[in-house]
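A.B. asks: My questions will all concern the structure given below.
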Amino acid sequence: MTPLAAVLEQLAEGEGYHPTILNGVGIFRSERSNQREPLCYRQGLIIMAQGTKRVYLEDQVYEYNPDNYLVLTLPVPADCEAITEPGRPLLSLVIDIDLTMLHEIVRVFDDCGRNPVAGTREPERSLFVSPAGADFRSCALRLARALQDPVKAKVLGPGLVREILLHTLQGPGGSSLMALARHNTSLSRLEPVMKYIHTHFANALDVEQLAAMANMSSPTFHRNFRKVTSLSPIQYIKRIRLTRARDLLLDQQVQVGQAASEVGYESPSQFSREFKRFFGQPPKSMAGGASVPPGNHHAPAL
């Protein structure tokens with residue numbers, strides 16, 4: 001067990017996500033592997049201390065483990081697979097991206113006349129995997145240890161999160177994080193729109209209005225949206241709604257009609273058709289907390 005995994009195991013004794021005393025920082029623990037299934041990832045960094053995860057976004061596969069970490073510049077619905085070993089739970093440190101903090105770091109680079117991504121021509125991406133170098137791993141471990149003490153967490157924690165963001169900006173893929181902090185980039189314009197979608201997915205969402213929120217024409221909005229997410233705006237909204245509906249059916253044991261209504265579907269029959277096409281089985285098979293047969297979590301593109 002790595003030193004980081006040992007600390008996280010003490011901080012998160014049970015299954016699932018555990019908030020910490022430091023706002024925007026949490027720990028995730030899972031005792032077992034999970035087959036590929038749809039999830040809604042939020043904006044942030046996921047630092048794996050033990051175990052392996054794979055994220056499937058259209059035809060791209062992103063694997064992260066203790067040797068690297070996942071960065072999500074935007075909230076993204078994607079498929080996820082978790083791999084653990086017996087007696088070795090999956091343990092990860094989850095850090096939300098504080099945009100105010102990110103802007104402050106970029107401003108320091110500007111004041112010093114430096115650009116950490118100068119010369120790079122990577123496309124702006126909604127997620128990427130970056131190698132966890134020695135300095136990055138050391139900082140993550142110091143942050144985890146600080147979380148063991150409320151005083152250290154509050155005094156040292158924000159600075160350690162800032163250091164982790166600094167390492168991320170300077171690492172491979174940092175150009176996407178830099179684009180998030182810049183004005184008039186695709187990521188910075190799309191970021192508030194996607195957060196709006198995640199908050200208001202149950203409402204009627206007009207793509208033309210979403211484009212206006214991004215200060216883009218409709219064709220430009222569609223092109224940039226697909227470029228950074230691999231999905232059209234309509235596909236993105238559908239995936240969020242259907243994934244949320246699945247959570248309601250399985251975790252809160254609501255009925256099909258109620259789930260459809262709560263995620264924004266006016267027609268239960270349309271909901272059932274799209275749900276079956278997405279998950280490979282009808283929503284009634286999951287209603288009321290019904291178990292999901294192994295291997296049926298794969299979600300084809302809508």
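Following the order of the structure tokens, first chain is A, next is B, and so on, with residues numbered from 1 inside each chain and ligands from 1 in the order they appear.
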Select from segment 45-269 of chain A everything DSSP, run on the backbone, classes as strand (DSSP E), then give the selection as number ranges by chain.
C.D. replies: A: 45-50, 52-57, 60-64, 68-72, 76-83, 90-96, 127-131
A.B. asks: Any chance you could list, as a PyMOL selection string, the residues in segment 26-189 of chain A that come up helix (DSSP H, G or I) when DSSP is run on the backbone?
C.D. replies: chain A and resi 99-111+134-146+150-170+174-181+186-189
A.B. asks: Using only C-alpha atoms for the distances, tell me which of A:Ile27, A:Leu187, A:Ala134, A:Ala49 is nearest to Ile95 of chain A.
C.D. replies: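 Looking at the shortest contact to Ile95 of chain A, the residue is A:Ile27.
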A.B. asks: Got a sec: who's within 9 Å of His222 of chain A, counting only C-alpha atoms, leaving out chain neighbours fewer than 5 positions off, as a PyMOL selection string?
C.D. replies: chain A and resi 207+211+217+227+232-233
A.B. asks: Within 10 Å of segment 238-248 of chain A, which residues of segment 8-40 of chain A show up? Give each one with its shortest atom-to-atom distance in Å (one decimal) and the two atoms involved, counting only C-alpha atoms, rows by chain then rising residue number, as a tab-separated table.
C.D. replies:
residue	atom	partner	partner_atom	distance
A:Glu37	CA	A:Thr243	CA	9.5
A:Pro38	CA	A:Thr243	CA	6.4
A:Leu39	CA	A:Thr243	CA	6.6
A:Cys40	CA	A:Ile240	CA	6.7
A.B. asks: Next, the residues of the selection above should be written as a PDB file, in the first residue's frame with C-alpha atoms.
C.D. replies:
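The result, stored in part_3.pdb:
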ATOM      1  CA  GLU A  37     -21.442   2.097 -16.373  1.00  0.00           C
ATOM      2  CA  PRO A  38     -22.542   5.687 -17.049  1.00  0.00           C
ATOM      3  CA  LEU A  39     -21.597   8.381 -14.544  1.00  0.00           C
ATOM      4  CA  CYS A  40     -21.726  12.165 -14.424  1.00  0.00           C
TER       5      CYS A  40
END
A.B. asks: Check the smallest atom-to-atom distance from each of A:Ile197, A:Val228, A:Val155, A:Leu166 to Leu127 of chain A using only C-alpha atoms, then report the winner.
C.D. replies: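 Of A:Ile197, A:Val228, A:Val155, A:Leu166, the one nearest Leu127 of chain A, counting only C-alpha atoms, is A:Val228.
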A.B. asks: Which residues are close to Leu177 of chain A, i.e. within 10 Å by only C-alpha atoms, leaving aside same-chain residues fewer than 5 positions away? Reply as a PyMOL selection string.
C.D. replies: chain A and resi 71-74+97+102+106+117+124-128+165+168-170+182+187-188
A.B. asks: Name the residues in contact with Val254 of chain A at a cut-off of 12 Å, using only C-alpha atoms, excluding same-chain residues fewer than 2 positions from it; report them as JSON, numbers by chain.
C.D. replies: {"A": [244, 245, 246, 247, 248, 249, 250, 251, 252, 256, 257, 258, 259, 260, 261, 262, 283, 284, 286, 287, 288, 289, 290]}
A.B. asks: Which of these, A:Leu210, A:Ala118, A:Met101, A:Ile234, has the shortest distance to Gly173 of chain A once you count only C-alpha atoms?
C.D. replies: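 Result for the nearest residue to Gly173 of chain A: A:Ala118.
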A.B. asks: Which value, in Å to one decimal, gives the distance between atom CA of Phe28 of chain A and atom CA of Gly171 of chain A?
C.D. replies: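 Distance between the two atoms: 24.0 Å.
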A.B. asks: Can you list, as a PyMOL selection string, every protein, DNA or RNA residue that comes within 12 Å of Pro131 of chain A when you count only C-alpha atoms, leaving out same-chain residues fewer than 6 positions away?
C.D. replies: chain A and resi 47-48+63-71+137+167-168+170-174
A.B. asks: Can I get the selection written as a short mmCIF file (atom, residue, chain, number, x, y, z; two decimals), in the first residue's frame, with all heavy atoms?
C.D. replies:
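Final output, saved to again-v3.cif:
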data_model
loop_
_atom_site.label_atom_id
_atom_site.label_comp_id
_atom_site.auth_asym_id
_atom_site.auth_seq_id
_atom_site.Cartn_x
_atom_site.Cartn_y
_atom_site.Cartn_z
N ILE A 47 -7.20 12.02 -7.93
CA ILE A 47 -5.86 11.48 -7.71
C ILE A 47 -6.02 10.08 -7.12
O ILE A 47 -6.46 9.92 -5.98
CB ILE A 47 -5.06 12.39 -6.76
CG1 ILE A 47 -5.01 13.82 -7.31
CG2 ILE A 47 -3.66 11.85 -6.55
CD1 ILE A 47 -4.49 14.84 -6.31
N MET A 48 -5.65 9.07 -7.89
CA MET A 48 -5.84 7.69 -7.47
C MET A 48 -4.67 7.24 -6.59
O MET A 48 -3.51 7.31 -6.98
CB MET A 48 -5.95 6.78 -8.69
CG MET A 48 -6.46 5.40 -8.39
SD MET A 48 -8.19 5.42 -7.85
CE MET A 48 -8.99 5.97 -9.34
N GLU A 63 -7.27 5.97 -18.83
CA GLU A 63 -7.02 5.13 -17.65
C GLU A 63 -6.17 5.91 -16.67
O GLU A 63 -5.15 6.50 -17.03
CB GLU A 63 -6.31 3.84 -18.06
CG GLU A 63 -6.04 2.92 -16.86
CD GLU A 63 -5.51 1.55 -17.27
OE1 GLU A 63 -6.20 0.87 -18.05
OE2 GLU A 63 -4.41 1.18 -16.82
N TYR A 64 -6.60 5.89 -15.41
CA TYR A 64 -5.79 6.54 -14.37
C TYR A 64 -5.66 5.63 -13.17
O TYR A 64 -6.53 4.83 -12.85
CB TYR A 64 -6.35 7.92 -14.00
CG TYR A 64 -7.78 7.97 -13.53
CD1 TYR A 64 -8.08 8.22 -12.19
CD2 TYR A 64 -8.85 7.81 -14.41
CE1 TYR A 64 -9.38 8.29 -11.73
CE2 TYR A 64 -10.17 7.88 -13.97
CZ TYR A 64 -10.42 8.13 -12.63
OH TYR A 64 -11.72 8.21 -12.18
N ASN A 65 -4.51 5.74 -12.50
CA ASN A 65 -4.10 4.85 -11.42
C ASN A 65 -3.10 5.60 -10.56
O ASN A 65 -2.95 6.83 -10.74
CB ASN A 65 -3.51 3.56 -12.02
CG ASN A 65 -2.46 3.86 -13.07
OD1 ASN A 65 -1.53 4.63 -12.83
ND2 ASN A 65 -2.60 3.28 -14.26
N PRO A 66 -2.40 4.98 -9.62
CA PRO A 66 -1.46 5.74 -8.80
C PRO A 66 -0.32 6.41 -9.56
O PRO A 66 0.37 7.28 -9.00
CB PRO A 66 -0.92 4.68 -7.82
CG PRO A 66 -2.04 3.71 -7.69
CD PRO A 66 -2.64 3.63 -9.06
N ASP A 67 -0.11 6.05 -10.82
CA ASP A 67 0.96 6.66 -11.61
C ASP A 67 0.52 7.92 -12.34
O ASP A 67 1.36 8.63 -12.90
CB ASP A 67 1.52 5.65 -12.62
CG ASP A 67 2.22 4.49 -11.95
OD1 ASP A 67 2.83 4.70 -10.89
OD2 ASP A 67 2.13 3.36 -12.48
N ASN A 68 -0.78 8.18 -12.41
CA ASN A 68 -1.27 9.38 -13.08
C ASN A 68 -2.59 9.81 -12.46
O ASN A 68 -3.09 9.15 -11.55
CB ASN A 68 -1.42 9.13 -14.59
CG ASN A 68 -2.13 7.83 -14.89
OD1 ASN A 68 -3.19 7.56 -14.32
ND2 ASN A 68 -1.58 7.02 -15.78
N TYR A 69 -3.12 10.91 -12.93
CA TYR A 69 -4.36 11.42 -12.35
C TYR A 69 -5.24 12.00 -13.45
O TYR A 69 -4.78 12.34 -14.54
CB TYR A 69 -4.07 12.47 -11.27
CG TYR A 69 -3.27 13.67 -11.75
CD1 TYR A 69 -3.89 14.86 -12.07
CD2 TYR A 69 -1.88 13.60 -11.84
CE1 TYR A 69 -3.15 15.96 -12.49
CE2 TYR A 69 -1.14 14.69 -12.26
CZ TYR A 69 -1.78 15.87 -12.59
OH TYR A 69 -1.04 16.95 -13.02
N LEU A 70 -6.54 12.08 -13.16
CA LEU A 70 -7.53 12.55 -14.12
C LEU A 70 -7.88 14.00 -13.82
O LEU A 70 -8.10 14.38 -12.67
CB LEU A 70 -8.79 11.69 -14.04
CG LEU A 70 -9.92 12.04 -15.02
CD1 LEU A 70 -9.54 11.68 -16.44
CD2 LEU A 70 -11.21 11.30 -14.62
N VAL A 71 -7.93 14.81 -14.88
CA VAL A 71 -8.34 16.20 -14.76
C VAL A 71 -9.58 16.42 -15.61
O VAL A 71 -9.60 16.08 -16.79
CB VAL A 71 -7.22 17.16 -15.22
CG1 VAL A 71 -7.66 18.62 -15.05
CG2 VAL A 71 -5.94 16.91 -14.45
N ARG A 137 3.08 13.86 -6.40
CA ARG A 137 2.71 12.83 -5.41
C ARG A 137 3.04 13.30 -3.99
O ARG A 137 2.28 13.05 -3.05
CB ARG A 137 3.42 11.52 -5.72
CG ARG A 137 2.94 10.83 -6.99
CD ARG A 137 3.38 9.37 -7.03
NE ARG A 137 4.84 9.25 -7.01
CZ ARG A 137 5.59 9.18 -8.09
NH1 ARG A 137 5.03 9.25 -9.29
NH2 ARG A 137 6.90 9.06 -8.00
N HIS A 167 1.12 22.41 -10.26
CA HIS A 167 1.75 21.26 -10.91
C HIS A 167 0.93 20.82 -12.14
O HIS A 167 1.49 20.45 -13.18
CB HIS A 167 1.87 20.09 -9.94
CG HIS A 167 2.91 20.28 -8.89
ND1 HIS A 167 4.23 20.59 -9.18
CD2 HIS A 167 2.85 20.20 -7.53
CE1 HIS A 167 4.93 20.69 -8.06
NE2 HIS A 167 4.11 20.46 -7.04
N THR A 168 -0.39 20.88 -12.01
CA THR A 168 -1.25 20.47 -13.11
C THR A 168 -1.11 21.41 -14.30
O THR A 168 -1.04 20.98 -15.46
CB THR A 168 -2.72 20.39 -12.66
OG1 THR A 168 -2.82 19.53 -11.52
CG2 THR A 168 -3.61 19.85 -13.76
N GLN A 170 1.47 23.09 -15.09
CA GLN A 170 2.80 22.94 -15.66
C GLN A 170 3.01 21.57 -16.30
O GLN A 170 4.02 21.36 -16.97
CB GLN A 170 3.86 23.17 -14.59
CG GLN A 170 3.90 24.61 -14.07
CD GLN A 170 4.92 24.80 -12.96
OE1 GLN A 170 4.99 24.00 -12.03
NE2 GLN A 170 5.70 25.86 -13.05
N GLY A 171 2.07 20.65 -16.11
CA GLY A 171 2.24 19.30 -16.62
C GLY A 171 1.62 19.12 -17.99
O GLY A 171 0.99 20.03 -18.54
N PRO A 172 1.79 17.93 -18.58
CA PRO A 172 1.15 17.63 -19.86
C PRO A 172 -0.36 17.78 -19.76
O PRO A 172 -0.98 17.32 -18.81
CB PRO A 172 1.55 16.17 -20.11
CG PRO A 172 2.78 15.95 -19.28
CD PRO A 172 2.61 16.81 -18.07
N GLY A 173 -0.94 18.43 -20.73
CA GLY A 173 -2.38 18.69 -20.69
C GLY A 173 -2.74 19.98 -20.00
O GLY A 173 -3.90 20.38 -19.99
N GLY A 174 -1.74 20.65 -19.40
CA GLY A 174 -2.01 21.87 -18.67
C GLY A 174 -2.59 22.98 -19.52
O GLY A 174 -3.19 23.93 -19.00
#
A.B. asks: Which residue out of A:Asn224, A:Gln209, A:Ala204, A:Gly44 has the minimum interatomic distance to Arg189 of chain A when only C-alpha atoms are used?
C.D. replies: A:Asn224
A.B. asks: Quick one: residues within 12 Å of Pro158 of chain A, only C-alpha atoms, excluding same-chain residues fewer than 6 positions away - as a ChimeraX atom specification?
C.D. replies: /A:21-25,95-98,101-102,139,142-143,146-147,151-152,164-165
A.B. asks: Go ahead and write the residues just picked, all heavy atoms, as a compact mmCIF listing (two decimals), in the first residue's frame.
C.D. replies:
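Heads up, here's the output in selection39.txt:
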# COMPACT_ATOMS: atom_id res chain seq x y z
N ILE A 21 -12.95 18.10 5.91
CA ILE A 21 -13.12 19.41 6.56
C ILE A 21 -12.73 20.54 5.62
O ILE A 21 -13.13 21.68 5.81
CB ILE A 21 -12.29 19.46 7.86
CG1 ILE A 21 -12.71 20.66 8.71
CG2 ILE A 21 -10.80 19.48 7.56
CD1 ILE A 21 -12.12 20.65 10.10
N LEU A 22 -11.97 20.23 4.58
CA LEU A 22 -11.53 21.24 3.62
C LEU A 22 -12.54 21.30 2.48
O LEU A 22 -12.72 20.32 1.75
CB LEU A 22 -10.12 20.90 3.10
CG LEU A 22 -9.43 21.96 2.25
CD1 LEU A 22 -9.25 23.26 3.02
CD2 LEU A 22 -8.07 21.45 1.77
N ASN A 23 -13.18 22.42 2.32
CA ASN A 23 -14.22 22.56 1.30
C ASN A 23 -13.66 22.27 -0.09
O ASN A 23 -12.61 22.77 -0.48
CB ASN A 23 -14.79 23.98 1.33
CG ASN A 23 -15.99 24.15 0.42
OD1 ASN A 23 -16.85 23.27 0.34
ND2 ASN A 23 -16.06 25.27 -0.28
N GLY A 24 -14.39 21.45 -0.85
CA GLY A 24 -13.97 21.12 -2.21
C GLY A 24 -13.00 19.96 -2.31
O GLY A 24 -12.54 19.64 -3.41
N VAL A 25 -12.71 19.33 -1.19
CA VAL A 25 -11.80 18.18 -1.18
C VAL A 25 -12.52 17.00 -0.53
O VAL A 25 -13.11 17.14 0.55
CB VAL A 25 -10.49 18.48 -0.43
CG1 VAL A 25 -9.59 17.24 -0.39
CG2 VAL A 25 -9.76 19.64 -1.08
N ILE A 95 -10.54 16.53 -5.83
CA ILE A 95 -10.37 17.96 -5.58
C ILE A 95 -11.17 18.75 -6.61
O ILE A 95 -10.92 18.64 -7.82
CB ILE A 95 -8.89 18.37 -5.65
CG1 ILE A 95 -8.06 17.56 -4.64
CG2 ILE A 95 -8.73 19.87 -5.39
CD1 ILE A 95 -6.57 17.79 -4.74
N ASP A 96 -12.12 19.54 -6.17
CA ASP A 96 -12.86 20.42 -7.07
C ASP A 96 -11.93 21.53 -7.58
O ASP A 96 -11.03 21.97 -6.85
CB ASP A 96 -14.05 21.06 -6.37
CG ASP A 96 -15.10 20.03 -5.97
OD1 ASP A 96 -15.09 18.91 -6.52
OD2 ASP A 96 -15.94 20.37 -5.10
N ILE A 97 -12.15 21.97 -8.82
CA ILE A 97 -11.37 23.08 -9.35
C ILE A 97 -11.99 24.39 -8.88
O ILE A 97 -13.14 24.71 -9.23
CB ILE A 97 -11.31 23.03 -10.89
CG1 ILE A 97 -10.52 21.80 -11.34
CG2 ILE A 97 -10.66 24.30 -11.44
CD1 ILE A 97 -10.45 21.63 -12.85
N ASP A 98 -11.23 25.13 -8.09
CA ASP A 98 -11.65 26.44 -7.62
C ASP A 98 -11.22 27.45 -8.68
O ASP A 98 -10.03 27.75 -8.83
CB ASP A 98 -11.00 26.75 -6.27
CG ASP A 98 -11.45 28.06 -5.66
OD1 ASP A 98 -11.75 29.00 -6.42
OD2 ASP A 98 -11.49 28.17 -4.43
N MET A 101 -9.19 30.45 -7.48
CA MET A 101 -7.80 30.08 -7.20
C MET A 101 -7.02 29.89 -8.50
O MET A 101 -5.87 30.33 -8.63
CB MET A 101 -7.75 28.81 -6.36
CG MET A 101 -6.36 28.37 -5.94
SD MET A 101 -6.40 26.84 -4.96
CE MET A 101 -7.15 27.44 -3.43
N LEU A 102 -7.65 29.25 -9.48
CA LEU A 102 -6.99 29.02 -10.76
C LEU A 102 -6.66 30.34 -11.44
O LEU A 102 -5.55 30.52 -11.96
CB LEU A 102 -7.90 28.17 -11.66
CG LEU A 102 -7.36 27.82 -13.04
CD1 LEU A 102 -6.10 26.96 -12.93
CD2 LEU A 102 -8.42 27.09 -13.86
N CYS A 139 3.07 16.37 -2.91
CA CYS A 139 2.08 17.38 -2.52
C CYS A 139 0.75 16.72 -2.15
O CYS A 139 0.12 17.10 -1.17
CB CYS A 139 1.90 18.38 -3.66
SG CYS A 139 0.82 19.76 -3.24
N ARG A 142 1.09 15.25 1.28
CA ARG A 142 1.07 16.29 2.32
C ARG A 142 -0.34 16.82 2.55
O ARG A 142 -0.74 17.11 3.69
CB ARG A 142 2.02 17.43 1.94
CG ARG A 142 3.49 17.08 2.16
CD ARG A 142 4.41 18.24 1.84
NE ARG A 142 4.62 18.38 0.40
CZ ARG A 142 4.43 19.48 -0.28
NH1 ARG A 142 3.98 20.58 0.33
NH2 ARG A 142 4.66 19.53 -1.57
N LEU A 143 -1.12 16.94 1.47
CA LEU A 143 -2.50 17.38 1.62
C LEU A 143 -3.31 16.34 2.40
O LEU A 143 -4.07 16.69 3.31
CB LEU A 143 -3.12 17.61 0.24
CG LEU A 143 -4.62 17.93 0.22
CD1 LEU A 143 -4.93 19.18 1.02
CD2 LEU A 143 -5.12 18.08 -1.22
N ALA A 146 -2.47 16.52 5.99
CA ALA A 146 -3.03 17.73 6.61
C ALA A 146 -4.51 17.52 6.95
O ALA A 146 -5.00 18.06 7.94
CB ALA A 146 -2.86 18.92 5.68
N LEU A 147 -5.19 16.72 6.14
CA LEU A 147 -6.62 16.47 6.38
C LEU A 147 -6.87 15.68 7.65
O LEU A 147 -8.01 15.61 8.13
CB LEU A 147 -7.22 15.73 5.18
CG LEU A 147 -7.28 16.50 3.86
CD1 LEU A 147 -7.74 15.59 2.73
CD2 LEU A 147 -8.18 17.72 3.96
N VAL A 151 -6.86 21.73 12.21
CA VAL A 151 -6.09 22.98 12.16
C VAL A 151 -5.19 22.98 10.93
O VAL A 151 -5.14 23.95 10.16
CB VAL A 151 -5.27 23.17 13.45
CG1 VAL A 151 -4.35 24.39 13.32
CG2 VAL A 151 -6.19 23.33 14.64
N LYS A 152 -4.46 21.89 10.73
CA LYS A 152 -3.57 21.82 9.57
C LYS A 152 -4.36 21.87 8.26
O LYS A 152 -3.91 22.48 7.28
CB LYS A 152 -2.73 20.55 9.62
CG LYS A 152 -1.68 20.55 10.73
CD LYS A 152 -0.86 19.27 10.70
CE LYS A 152 0.22 19.29 11.78
NZ LYS A 152 1.03 18.05 11.77
N ILE A 164 -1.07 21.88 -6.00
CA ILE A 164 -1.49 20.82 -6.91
C ILE A 164 -1.98 21.41 -8.24
O ILE A 164 -1.66 20.89 -9.32
CB ILE A 164 -2.59 19.96 -6.25
CG1 ILE A 164 -1.96 19.04 -5.20
CG2 ILE A 164 -3.35 19.13 -7.28
CD1 ILE A 164 -2.93 18.23 -4.39
N LEU A 165 -2.73 22.51 -8.18
CA LEU A 165 -3.16 23.17 -9.41
C LEU A 165 -1.96 23.69 -10.20
O LEU A 165 -1.94 23.63 -11.43
CB LEU A 165 -4.11 24.32 -9.09
CG LEU A 165 -5.55 23.95 -8.72
CD1 LEU A 165 -6.34 25.20 -8.38
CD2 LEU A 165 -6.23 23.21 -9.87
A.B. asks: Using atom CA of Pro19 of chain A and atom CA of Asp135 of chain A as the two end points, give the distance in Å to one decimal.
C.D. replies: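 That distance, rounded to one decimal, is 24.7 Å.
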A.B. asks: Of the candidates A:Arg114, A:Arg107, A:Lys53, A:Arg145, which one gets nearest to Val7 of chain A if we count only C-alpha atoms?
C.D. replies: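 Ranking A:Arg114, A:Arg107, A:Lys53, A:Arg145 by distance to Val7 of chain A, first place goes to A:Arg145.
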A.B. asks: How many Å separate atom CA of Pro89 of chain A from atom CA of Gln43 of chain A?
C.D. replies: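 Here the two named atoms are 23.7 Å from each other.
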